[in-house]
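Containing compact mmCIF, C-alpha atoms and all ligand atoms: work_6.txt.
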```
# COMPACT_ATOMS: atom_id res chain seq x y z
CA MET A 975 35.78 -110.39 -26.51
CA LYS A 976 34.44 -107.02 -25.38
CA GLU A 977 34.71 -103.95 -27.57
CA LEU A 978 37.98 -102.00 -27.38
CA SER A 979 38.10 -98.27 -26.63
CA ILE A 980 35.98 -96.35 -29.15
CA ILE A 981 38.15 -93.26 -28.77
CA ALA A 982 41.44 -95.12 -29.29
CA SER A 983 40.07 -97.14 -32.21
CA ARG A 984 39.19 -93.94 -34.08
CA VAL A 985 42.76 -92.65 -33.98
CA GLN A 986 44.44 -92.75 -37.40
CA ALA A 987 48.08 -93.80 -37.80
CA SER A 988 50.44 -90.91 -38.62
CA THR A 989 50.77 -90.70 -42.45
CA THR A 990 54.22 -89.18 -42.01
CA LEU A 991 55.47 -92.20 -40.12
CA ALA A 992 53.64 -94.61 -42.46
CA VAL A 993 55.49 -93.33 -45.56
CA ASP A 994 58.72 -93.29 -43.59
CA ALA A 995 58.20 -96.91 -42.53
CA LEU A 996 57.57 -98.03 -46.13
CA ALA A 997 60.60 -96.07 -47.38
CA LYS A 998 62.79 -97.63 -44.67
CA GLN A 999 61.52 -101.10 -45.59
CA MET A 1000 62.36 -100.47 -49.26
CA LYS A 1001 65.83 -99.25 -48.25
CA ALA A 1002 66.30 -102.36 -46.10
CA ASP A 1003 65.36 -104.40 -49.18
CA GLY A 1004 68.30 -102.81 -50.98
CA LEU A 1005 66.42 -100.12 -52.98
CA ASP A 1006 68.07 -96.72 -53.37
CA VAL A 1007 65.27 -94.56 -51.88
CA VAL A 1008 65.78 -90.82 -51.21
CA GLY A 1009 63.70 -89.68 -48.23
CA PHE A 1010 61.90 -86.35 -47.74
CA GLY A 1011 59.46 -87.72 -45.19
CA THR A 1012 60.05 -87.11 -41.51
CA GLY A 1013 60.67 -83.58 -40.32
CA GLU A 1014 63.92 -83.82 -38.47
CA PRO A 1015 67.08 -81.79 -38.99
CA ASP A 1016 69.79 -83.75 -40.77
CA PHE A 1017 72.37 -82.02 -38.53
CA ASP A 1018 73.84 -83.71 -35.49
CA THR A 1019 73.13 -82.36 -32.00
CA PRO A 1020 75.90 -79.81 -31.23
CA ASP A 1021 78.83 -81.12 -29.15
CA ASN A 1022 78.37 -78.74 -26.21
CA ILE A 1023 74.88 -80.19 -25.70
CA LYS A 1024 76.13 -83.77 -25.90
CA GLU A 1025 78.90 -82.93 -23.41
CA ALA A 1026 76.34 -81.55 -20.96
CA ALA A 1027 74.48 -84.85 -21.09
CA ILE A 1028 77.65 -86.86 -20.53
CA LYS A 1029 78.55 -84.60 -17.60
CA ALA A 1030 75.08 -85.13 -16.10
CA ILE A 1031 75.44 -88.91 -16.32
CA LYS A 1032 78.89 -88.81 -14.72
CA ALA A 1033 77.58 -86.55 -11.95
CA GLY A 1034 74.92 -89.14 -11.14
CA GLN A 1035 71.96 -87.15 -12.49
CA THR A 1036 70.22 -90.39 -13.34
CA LYS A 1037 67.22 -90.40 -11.01
CA TYR A 1038 63.59 -89.24 -11.24
CA THR A 1039 62.98 -85.51 -11.32
CA PRO A 1040 59.78 -83.51 -10.62
CA ALA A 1041 57.11 -84.44 -13.21
CA ASP A 1042 57.16 -80.98 -14.82
CA GLY A 1043 60.96 -80.83 -15.04
CA ILE A 1044 63.89 -79.62 -12.97
CA VAL A 1045 63.78 -76.01 -11.80
CA PRO A 1046 67.03 -74.95 -13.58
CA LEU A 1047 65.58 -76.13 -16.90
CA ARG A 1048 62.23 -74.42 -16.32
CA LYS A 1049 64.16 -71.23 -15.46
CA ALA A 1050 66.28 -71.65 -18.62
CA VAL A 1051 63.08 -71.98 -20.70
CA ALA A 1052 61.63 -68.82 -19.11
CA ALA A 1053 64.89 -66.93 -19.80
CA ARG A 1054 64.94 -68.06 -23.45
CA LEU A 1055 61.31 -67.05 -23.97
CA LYS A 1056 62.18 -63.63 -22.56
CA ALA A 1057 65.30 -63.28 -24.72
CA ASP A 1058 63.79 -64.56 -27.98
CA CYS A 1059 60.12 -63.56 -27.75
CA GLY A 1060 60.12 -60.77 -25.15
CA ILE A 1061 57.61 -62.55 -22.91
CA ASP A 1062 57.78 -62.77 -19.11
CA TYR A 1063 57.00 -66.13 -17.53
CA ASP A 1064 57.84 -67.35 -14.06
CA TYR A 1065 59.36 -70.82 -14.04
CA THR A 1066 56.24 -72.11 -12.24
CA GLN A 1067 54.34 -71.47 -15.50
CA ILE A 1068 56.67 -73.73 -17.51
CA VAL A 1069 55.93 -77.44 -17.91
CA VAL A 1070 58.62 -79.65 -19.42
CA SER A 1071 57.56 -82.91 -21.00
CA SER A 1072 58.75 -85.67 -23.33
CA GLY A 1073 58.64 -83.62 -26.54
CA ALA A 1074 56.45 -80.82 -27.86
CA LYS A 1075 54.04 -83.41 -29.27
CA HIS A 1076 53.48 -84.56 -25.72
CA ASN A 1077 52.91 -80.97 -24.57
CA VAL A 1078 50.22 -80.53 -27.25
CA PHE A 1079 48.51 -83.67 -26.01
CA VAL A 1080 48.74 -82.71 -22.33
CA ALA A 1081 47.46 -79.19 -23.10
CA LEU A 1082 44.39 -80.67 -24.82
CA MET A 1083 43.83 -83.07 -21.91
CA ALA A 1084 43.93 -80.10 -19.54
CA LEU A 1085 41.48 -78.01 -21.60
CA LEU A 1086 38.84 -80.27 -23.09
CA ASN A 1087 35.61 -81.79 -21.87
CA PRO A 1088 33.83 -84.42 -23.99
CA GLY A 1089 32.31 -82.81 -27.09
CA ASP A 1090 34.29 -79.55 -26.89
CA GLU A 1091 35.21 -78.21 -30.32
CA VAL A 1092 38.70 -77.10 -31.28
CA ILE A 1093 39.22 -74.96 -34.39
CA LEU A 1094 42.03 -76.15 -36.61
CA PRO A 1095 43.11 -74.24 -39.71
CA ALA A 1096 44.02 -76.66 -42.54
CA PRO A 1097 46.54 -77.70 -43.75
CA PHE A 1098 47.52 -78.74 -40.23
CA TRP A 1099 50.12 -80.95 -38.59
CA VAL A 1100 48.52 -84.39 -38.58
CA THR A 1101 48.91 -84.96 -34.84
CA TYR A 1102 46.56 -82.11 -33.89
CA SER A 1103 43.33 -83.67 -35.18
CA GLU A 1104 44.11 -87.03 -33.59
CA ALA A 1105 45.23 -85.53 -30.27
CA ILE A 1106 41.98 -83.50 -30.11
CA ARG A 1107 39.99 -86.72 -30.63
CA ILE A 1108 42.00 -88.65 -28.03
CA ALA A 1109 41.30 -85.86 -25.53
CA GLY A 1110 37.55 -86.25 -26.20
CA GLY A 1111 37.20 -83.15 -28.38
CA ILE A 1112 35.98 -82.55 -31.92
CA PRO A 1113 38.31 -80.98 -34.50
CA VAL A 1114 36.56 -78.27 -36.54
CA VAL A 1115 38.66 -77.84 -39.65
CA VAL A 1116 38.84 -74.43 -41.35
CA PRO A 1117 40.22 -74.87 -44.87
CA THR A 1118 42.71 -72.39 -46.32
CA THR A 1119 44.18 -72.27 -49.82
CA GLU A 1120 47.45 -71.39 -51.52
CA ASP A 1121 45.93 -68.05 -52.67
CA MET A 1122 45.48 -67.13 -49.00
CA ASP A 1123 49.07 -68.21 -48.27
CA PHE A 1124 47.41 -71.00 -46.28
CA LYS A 1125 46.42 -68.57 -43.51
CA MET A 1126 43.07 -68.49 -41.72
CA THR A 1127 41.32 -65.10 -41.69
CA PRO A 1128 39.52 -63.63 -38.66
CA VAL A 1129 36.23 -63.85 -40.61
CA GLN A 1130 36.75 -67.58 -41.20
CA LEU A 1131 37.63 -68.06 -37.55
CA GLU A 1132 34.58 -66.21 -36.30
CA SER A 1133 32.21 -68.11 -38.56
CA ALA A 1134 33.56 -71.48 -37.32
CA ILE A 1135 32.80 -70.63 -33.67
CA THR A 1136 29.83 -72.32 -31.99
CA ALA A 1137 28.63 -72.54 -28.39
CA LYS A 1138 30.85 -75.62 -28.03
CA THR A 1139 34.10 -74.02 -29.24
CA LYS A 1140 36.72 -74.21 -26.52
CA ALA A 1141 40.01 -73.46 -28.23
CA ILE A 1142 41.95 -72.94 -31.44
CA ILE A 1143 45.31 -74.35 -32.45
CA ILE A 1144 47.70 -72.10 -34.30
CA ASN A 1145 51.03 -73.40 -35.58
CA ASN A 1146 53.36 -70.58 -36.49
CA PRO A 1147 55.50 -71.04 -38.58
CA SER A 1148 53.48 -73.97 -39.82
CA ASN A 1149 54.14 -77.61 -40.50
CA PRO A 1150 53.29 -78.44 -43.30
CA THR A 1151 52.89 -75.06 -45.07
CA GLY A 1152 55.92 -73.17 -43.69
CA MET A 1153 53.78 -70.02 -43.63
CA LEU A 1154 54.22 -67.33 -40.98
CA TYR A 1155 51.43 -65.17 -39.55
CA SER A 1156 52.56 -61.56 -39.11
CA GLY A 1157 52.04 -59.68 -35.84
CA ALA A 1158 49.07 -57.82 -37.36
CA GLU A 1159 47.45 -61.04 -38.58
CA LEU A 1160 47.88 -62.62 -35.15
CA LYS A 1161 46.41 -59.55 -33.46
CA ALA A 1162 43.28 -59.80 -35.60
CA LEU A 1163 42.88 -63.54 -34.89
CA THR A 1164 43.49 -63.23 -31.17
CA ALA A 1165 40.97 -60.38 -30.89
CA VAL A 1166 38.33 -62.89 -32.05
CA CYS A 1167 39.58 -65.42 -29.46
CA VAL A 1168 39.35 -62.89 -26.64
CA LYS A 1169 35.88 -61.74 -27.78
CA HIS A 1170 34.58 -65.34 -27.75
CA ASP A 1171 36.53 -66.47 -24.68
CA LEU A 1172 38.58 -69.15 -26.48
CA TYR A 1173 41.81 -70.73 -25.34
CA ILE A 1174 44.72 -70.63 -27.78
CA ILE A 1175 47.22 -73.42 -28.20
CA SER A 1176 50.08 -71.79 -30.06
CA ASP A 1177 52.66 -74.28 -31.31
CA GLU A 1178 55.74 -72.18 -32.04
CA ILE A 1179 58.30 -74.97 -32.19
CA TYR A 1180 59.72 -73.69 -35.51
CA TYR A 1181 60.16 -70.08 -34.42
CA GLY A 1182 63.97 -70.34 -34.64
CA LEU A 1183 63.64 -71.22 -38.34
CA VAL A 1184 62.23 -68.10 -40.00
CA TYR A 1185 63.77 -66.81 -43.26
CA ASP A 1186 64.20 -63.61 -45.29
CA GLN A 1187 64.81 -61.80 -41.98
CA LYS A 1188 61.07 -61.83 -41.35
CA GLU A 1189 59.99 -61.05 -37.83
CA PHE A 1190 58.53 -63.82 -35.70
CA VAL A 1191 55.91 -62.64 -33.21
CA SER A 1192 54.83 -64.94 -30.40
CA ILE A 1193 51.11 -64.86 -29.73
CA ALA A 1194 51.75 -64.57 -26.00
CA SER A 1195 53.50 -61.22 -26.56
CA LEU A 1196 50.23 -59.62 -27.73
CA GLY A 1197 49.05 -58.43 -24.32
CA GLU A 1198 47.86 -59.89 -21.02
CA ALA A 1199 44.35 -60.87 -22.20
CA VAL A 1200 45.87 -63.04 -24.93
CA LYS A 1201 48.73 -64.39 -22.80
CA GLU A 1202 46.33 -65.50 -20.03
CA ARG A 1203 44.38 -67.76 -22.40
CA THR A 1204 47.37 -69.08 -24.36
CA ILE A 1205 49.33 -72.28 -23.96
CA LEU A 1206 52.60 -71.81 -25.84
CA ILE A 1207 54.24 -74.96 -27.14
CA HIS A 1208 57.98 -74.88 -27.74
CA GLY A 1209 60.83 -77.39 -27.60
CA VAL A 1210 64.42 -78.18 -28.46
CA SER A 1211 63.80 -80.85 -31.13
CA LYS A 1212 63.90 -78.72 -34.27
CA SER A 1213 66.07 -75.68 -33.54
CA TYR A 1214 68.81 -77.58 -31.71
CA ALA A 1215 68.68 -80.81 -33.77
CA MET A 1216 67.56 -82.78 -30.69
CA THR A 1217 64.61 -84.82 -31.97
CA GLY A 1218 65.73 -87.99 -30.20
CA TRP A 1219 66.27 -86.36 -26.80
CA ARG A 1220 62.52 -85.91 -26.30
CA ILE A 1221 62.24 -82.59 -24.53
CA GLY A 1222 59.44 -80.10 -25.16
CA TYR A 1223 57.81 -77.50 -22.95
CA SER A 1224 54.79 -75.29 -22.56
CA ALA A 1225 54.21 -71.88 -21.00
CA SER A 1226 50.76 -70.94 -19.74
CA ASN A 1227 48.93 -69.48 -16.80
CA ALA A 1228 49.90 -71.10 -13.49
CA LYS A 1229 46.55 -72.87 -12.99
CA LEU A 1230 46.82 -74.67 -16.32
CA ALA A 1231 50.50 -75.44 -15.67
CA LYS A 1232 49.56 -77.13 -12.39
CA ILE A 1233 46.84 -79.26 -14.02
CA MET A 1234 49.25 -80.31 -16.77
CA ALA A 1235 51.94 -81.17 -14.19
CA ASN A 1236 49.44 -83.31 -12.25
CA PHE A 1237 48.47 -85.10 -15.45
CA LEU A 1238 52.14 -85.78 -16.28
CA SER A 1239 52.81 -87.10 -12.77
CA HIS A 1240 50.35 -89.95 -13.42
CA SER A 1241 51.35 -90.68 -17.02
CA THR A 1242 55.01 -90.37 -18.02
CA SER A 1243 56.32 -88.91 -14.73
CA ALA A 1244 59.26 -86.70 -15.72
CA PRO A 1245 61.05 -86.68 -19.07
CA SER A 1246 64.57 -88.17 -19.23
CA THR A 1247 66.73 -86.54 -16.57
CA ILE A 1248 69.82 -86.64 -18.78
CA SER A 1249 67.98 -84.96 -21.66
CA GLN A 1250 66.80 -82.23 -19.30
CA TYR A 1251 70.41 -81.35 -18.46
CA ALA A 1252 71.28 -81.36 -22.16
CA ALA A 1253 68.33 -79.01 -22.82
CA ILE A 1254 69.63 -76.52 -20.22
CA GLU A 1255 72.85 -76.29 -22.23
CA ALA A 1256 70.91 -75.97 -25.51
CA LEU A 1257 68.85 -73.06 -24.19
CA SER A 1258 71.51 -71.31 -22.11
CA GLY A 1259 74.69 -72.06 -24.08
CA PRO A 1260 75.91 -70.45 -27.32
CA GLN A 1261 73.08 -69.85 -29.83
CA GLU A 1262 75.20 -69.30 -32.98
CA GLY A 1263 74.64 -72.93 -34.06
CA ILE A 1264 70.94 -72.19 -34.64
CA ASN A 1265 71.72 -69.31 -36.98
CA ALA A 1266 74.16 -71.44 -38.96
CA MET A 1267 71.55 -74.20 -39.38
CA ARG A 1268 68.88 -71.66 -40.30
CA ASP A 1269 71.10 -70.19 -43.04
CA VAL A 1270 71.63 -73.64 -44.53
CA PHE A 1271 67.87 -74.36 -44.45
CA GLU A 1272 67.21 -71.02 -46.15
CA GLN A 1273 69.61 -71.81 -49.02
CA ARG A 1274 67.96 -75.19 -49.49
CA ARG A 1275 64.49 -73.64 -49.47
CA ASN A 1276 65.54 -71.13 -52.12
CA TYR A 1277 66.91 -73.87 -54.34
CA ILE A 1278 63.97 -76.24 -54.03
CA VAL A 1279 61.30 -73.54 -54.55
CA LYS A 1280 63.01 -72.11 -57.63
CA ARG A 1281 63.61 -75.46 -59.24
CA MET A 1282 60.23 -77.02 -58.36
CA ASN A 1283 58.45 -74.15 -60.07
CA THR A 1284 60.32 -74.84 -63.32
CA ILE A 1285 59.05 -78.43 -63.42
CA GLU A 1286 55.99 -78.95 -65.64
CA GLY A 1287 52.95 -80.27 -63.73
CA VAL A 1288 53.88 -79.26 -60.17
CA SER A 1289 54.29 -75.99 -58.27
CA CYS A 1290 54.79 -74.59 -54.79
CA ILE A 1291 54.61 -71.28 -52.96
CA LYS A 1292 57.60 -69.96 -51.02
CA PRO A 1293 57.41 -70.77 -47.31
CA ASP A 1294 58.63 -68.28 -44.68
CA GLY A 1295 59.86 -70.76 -42.11
CA ALA A 1296 60.16 -74.33 -40.75
CA PHE A 1297 61.59 -76.81 -43.30
CA TYR A 1298 58.69 -77.97 -45.46
CA ILE A 1299 57.42 -77.37 -48.98
CA MET A 1300 53.84 -78.08 -50.04
CA MET A 1301 53.99 -79.33 -53.63
CA ASN A 1302 50.74 -78.76 -55.53
CA ILE A 1303 49.91 -81.74 -57.76
CA GLU A 1304 46.45 -80.61 -58.99
CA LYS A 1305 47.63 -80.52 -62.61
CA LEU A 1306 48.53 -84.21 -62.40
CA LEU A 1307 45.07 -85.38 -61.31
CA GLY A 1308 43.58 -87.96 -63.68
CA LYS A 1309 46.97 -88.76 -65.26
CA THR A 1310 48.69 -92.14 -65.01
CA LEU A 1311 52.16 -92.08 -63.48
CA GLY A 1312 54.29 -95.09 -62.61
CA GLY A 1313 51.37 -97.30 -63.63
CA ARG A 1314 48.97 -95.66 -61.14
CA VAL A 1315 46.09 -93.26 -61.84
CA ILE A 1316 46.67 -90.13 -59.77
CA ASN A 1317 43.45 -89.13 -58.01
CA ASN A 1318 45.08 -87.36 -55.05
CA GLY A 1319 48.33 -86.83 -53.16
CA ASP A 1320 48.16 -90.32 -51.65
CA ASP A 1321 48.27 -91.91 -55.12
CA PHE A 1322 51.07 -89.62 -56.17
CA ALA A 1323 53.19 -90.29 -53.04
CA LEU A 1324 52.79 -94.04 -53.43
CA ALA A 1325 53.63 -94.06 -57.15
CA PHE A 1326 56.57 -91.67 -56.62
CA LEU A 1327 57.94 -93.92 -53.87
CA GLU A 1328 57.41 -97.21 -55.70
CA LYS A 1329 58.57 -96.12 -59.14
CA GLY A 1330 60.46 -92.87 -58.60
CA LEU A 1331 62.18 -94.12 -55.40
CA VAL A 1332 61.51 -90.83 -53.58
CA ALA A 1333 59.63 -90.64 -50.26
CA VAL A 1334 57.38 -87.58 -49.78
CA VAL A 1335 54.37 -87.25 -47.47
CA PRO A 1336 50.82 -87.15 -48.86
CA CYS A 1337 48.92 -84.27 -47.27
CA SER A 1338 45.48 -85.90 -47.04
CA GLY A 1339 46.06 -86.42 -43.30
CA PHE A 1340 46.98 -82.71 -43.11
CA GLY A 1341 43.68 -81.60 -44.64
CA ALA A 1342 45.15 -80.88 -48.12
CA PRO A 1343 44.51 -83.93 -50.36
CA ASN A 1344 46.00 -82.47 -53.56
CA PHE A 1345 49.39 -81.71 -52.07
CA VAL A 1346 52.44 -83.67 -50.99
CA ARG A 1347 54.96 -82.40 -48.48
CA TRP A 1348 58.71 -82.40 -49.01
CA THR A 1349 61.03 -81.60 -46.14
CA TYR A 1350 64.27 -79.79 -46.88
CA ALA A 1351 65.79 -81.10 -43.66
CA ALA A 1352 67.78 -83.16 -46.16
CA SER A 1353 71.22 -82.60 -47.70
CA MET A 1354 71.53 -80.43 -50.81
CA GLU A 1355 72.86 -83.47 -52.64
CA ASN A 1356 69.68 -85.41 -51.80
CA ILE A 1357 67.47 -82.44 -52.67
CA LYS A 1358 69.08 -82.23 -56.13
CA GLU A 1359 68.76 -85.98 -56.61
CA GLY A 1360 65.11 -85.93 -55.46
CA LEU A 1361 64.21 -83.18 -57.92
CA ASP A 1362 66.11 -84.95 -60.73
CA ARG A 1363 64.05 -88.04 -59.98
CA LEU A 1364 60.85 -85.97 -59.91
CA GLU A 1365 61.57 -84.66 -63.42
CA LYS A 1366 62.28 -88.17 -64.65
CA PHE A 1367 59.21 -89.63 -62.92
CA LEU A 1368 56.87 -87.00 -64.38
CA LYS A 1369 58.09 -87.91 -67.86
CA SER A 1370 57.46 -91.63 -67.22
C1 LIG A 1401 54.28 -78.48 -35.51
C2 LIG A 1401 55.01 -79.49 -34.70
N1 LIG A 1401 54.87 -79.48 -33.36
C3 LIG A 1401 55.50 -80.40 -32.60
C4 LIG A 1401 56.31 -81.36 -33.19
C5 LIG A 1401 56.92 -82.42 -32.33
O1 LIG A 1401 58.04 -82.02 -31.67
P1 LIG A 1401 58.76 -82.99 -30.63
O2 LIG A 1401 59.77 -83.78 -31.40
O3 LIG A 1401 59.41 -82.05 -29.65
O4 LIG A 1401 57.73 -83.85 -30.00
C6 LIG A 1401 56.47 -81.41 -34.56
C7 LIG A 1401 57.28 -82.48 -35.19
O5 LIG A 1401 57.21 -82.80 -36.33
C8 LIG A 1401 55.82 -80.44 -35.34
O6 LIG A 1401 55.95 -80.43 -36.66
```
Written as structure tokens, that's how I'd like the structure from this file.
Amino acid sequence: MKELSIIASRVQASTTLAVDALAKQMKADGLDVVGFGTGEPDFDTPDNIKEAAIKAIKAGQTKYTPADGIVPLRKAVAARLKADCGIDYDYTQIVVSSGAKHNVFVALMALLNPGDEVILPAPFWVTYSEAIRIAGGIPVVVPTTEDMDFKMTPVQLESAITAKTKAIIINNPSNPTGMLYSGAELKALTAVCVKHDLYIISDEIYYGLVYDQKEFVSIASLGEAVKERTILIHGVSKSYAMTGWRIGYSASNAKLAKIMANFLSHSTSAPSTISQYAAIEALSGPQEGINAMRDVFEQRRNYIVKRMNTIEGVSCIKPDGAFYIMMNIEKLLGKTLGGRVINNGDDFALAFLEKGLVAVVPCSGFGAPNFVRWTYAASMENIKEGLDRLEKFLKS
């Protein structure tokens, strides 16, 4: 038979979902596995949002909508961006799609020509590198370390730029590091982007989950020259506990928005009509639920960071936002744990799952091979149990 698509064949499976699948299989086999794999809030979608969806179904809102979403939702997105981030967008600049992951993909499809380079600070969310490749681009990874709080510097950015560089992807606060770029840091990075005429994909999906009363600054609020070249990625999945509803959105200049809408019209058409009505309620209804969830996440983060740093052999730095911890396992390299020699985070995650019965995500796919990621979108009871098991496992 003829060769399959070269581009599609190069795409790697998501490591996050792979660990999750193995953990689920072990659970189905009757093993008592505690999961810290997939990044989804353990809270239920608030009732007012569910009611809005039920109301939409009963009102017969069950047909196709425009590919880039219904106007009331696009207006609700624009109003929320104004209220939360102080940025002005007309609804015609908003594109709703089937999840923020989809918006990232569509943004790359709209921007890239074959061979275009996209700068990606590592550790990065695993989807970015694969989505760049699917869109015909080349990811150019800029490594960062714990000492730098996992943040790319303007000097690093500038030295990664070539004649082929088209865009950068910034994820703030970040999955997997949880780190937050300050307004000043963003200003310095975006000045380089403007100087070299680069587009900026700014994935800000975790902006509602920032701790220690730190200030979140959206890149698009840093002046017209930056806003014009930025595609903001936001969505309801994380802040409103709506991962299964599949609604994300982007904000960009109108020309890009139109291209992305055209692309959507020939791929998924519109996202679920019912979910769009639910998202209007999420964005326009009471916002107190977000603050309550954020406070719970902050308490969990404090607990996990403090306790992890008392455990011999592992360590972590304190993230500013999102709901992830990067656990450094460098001190364990070369040791044998659970019958397996630990050469990297992949070995550790496998041994910890098989023998410690705890699912964490190896960060090799995120560009950080000596780390594993825990999510604290898990109950306090499970967090305590997971750390108890970690202590026991490290003594094994
Ligand atoms: C940085 C980042 N962007 C986007 C997404 C995907 O969001 P959605 O569920 O809306 O597709 C995730 C999910 O893990 C994420 O971590």
With all atoms listed in the file counted, collect every polymer residue having an atom within 9 Å of ligand LIG 1401 (chain A); state the result as a short mmCIF file (atom, residue, chain, number, x, y, z; two decimals) with C-alpha atoms, in the frame of the given file.
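Listed below is the output, part27.cif:
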```cif
data_model
loop_
_atom_site.label_atom_id
_atom_site.label_comp_id
_atom_site.auth_asym_id
_atom_site.auth_seq_id
_atom_site.Cartn_x
_atom_site.Cartn_y
_atom_site.Cartn_z
CA THR A 1012 60.05 -87.11 -41.51
CA GLY A 1013 60.67 -83.58 -40.32
CA GLU A 1014 63.92 -83.82 -38.47
CA SER A 1071 57.56 -82.91 -21.00
CA SER A 1072 58.75 -85.67 -23.33
CA GLY A 1073 58.64 -83.62 -26.54
CA ALA A 1074 56.45 -80.82 -27.86
CA LYS A 1075 54.04 -83.41 -29.27
CA HIS A 1076 53.48 -84.56 -25.72
CA ASN A 1077 52.91 -80.97 -24.57
CA VAL A 1078 50.22 -80.53 -27.25
CA PHE A 1098 47.52 -78.74 -40.23
CA TRP A 1099 50.12 -80.95 -38.59
CA VAL A 1100 48.52 -84.39 -38.58
CA THR A 1101 48.91 -84.96 -34.84
CA TYR A 1102 46.56 -82.11 -33.89
CA ASN A 1145 51.03 -73.40 -35.58
CA ASN A 1146 53.36 -70.58 -36.49
CA PRO A 1147 55.50 -71.04 -38.58
CA SER A 1148 53.48 -73.97 -39.82
CA ASN A 1149 54.14 -77.61 -40.50
CA PRO A 1150 53.29 -78.44 -43.30
CA ASP A 1177 52.66 -74.28 -31.31
CA GLU A 1178 55.74 -72.18 -32.04
CA ILE A 1179 58.30 -74.97 -32.19
CA TYR A 1180 59.72 -73.69 -35.51
CA ILE A 1207 54.24 -74.96 -27.14
CA HIS A 1208 57.98 -74.88 -27.74
CA GLY A 1209 60.83 -77.39 -27.60
CA VAL A 1210 64.42 -78.18 -28.46
CA SER A 1211 63.80 -80.85 -31.13
CA LYS A 1212 63.90 -78.72 -34.27
CA MET A 1216 67.56 -82.78 -30.69
CA THR A 1217 64.61 -84.82 -31.97
CA GLY A 1218 65.73 -87.99 -30.20
CA TRP A 1219 66.27 -86.36 -26.80
CA ARG A 1220 62.52 -85.91 -26.30
CA ILE A 1221 62.24 -82.59 -24.53
CA GLY A 1222 59.44 -80.10 -25.16
CA TYR A 1223 57.81 -77.50 -22.95
CA ALA A 1296 60.16 -74.33 -40.75
#
```
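Minimum distance to Leu1206 of chain A across A:Val1116, A:Ile1278, A:Met1300, A:Ala1194 (counting all atoms listed in the file) occurs at A:Ala1194.
Checking A:Met1282, A:Ile1303, A:Ile1106, A:Cys1337 one by one against Gly1360 of chain A, counting only C-alpha atoms, you find the shortest gap at A:Met1282.
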Open item on the list: One decimal, in Å: what's the spacing between atom CA of Lys1024 of chain A and atom CA of Gln1261 of chain A?
Closed with: 14.8 Å
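For the residues A:Glu1189, A:Asp1362, A:Glu1328, A:Asp1090, ranking by smallest atom-to-atom distance to Gly1295 of chain A using only C-alpha atoms places A:Glu1189 first.
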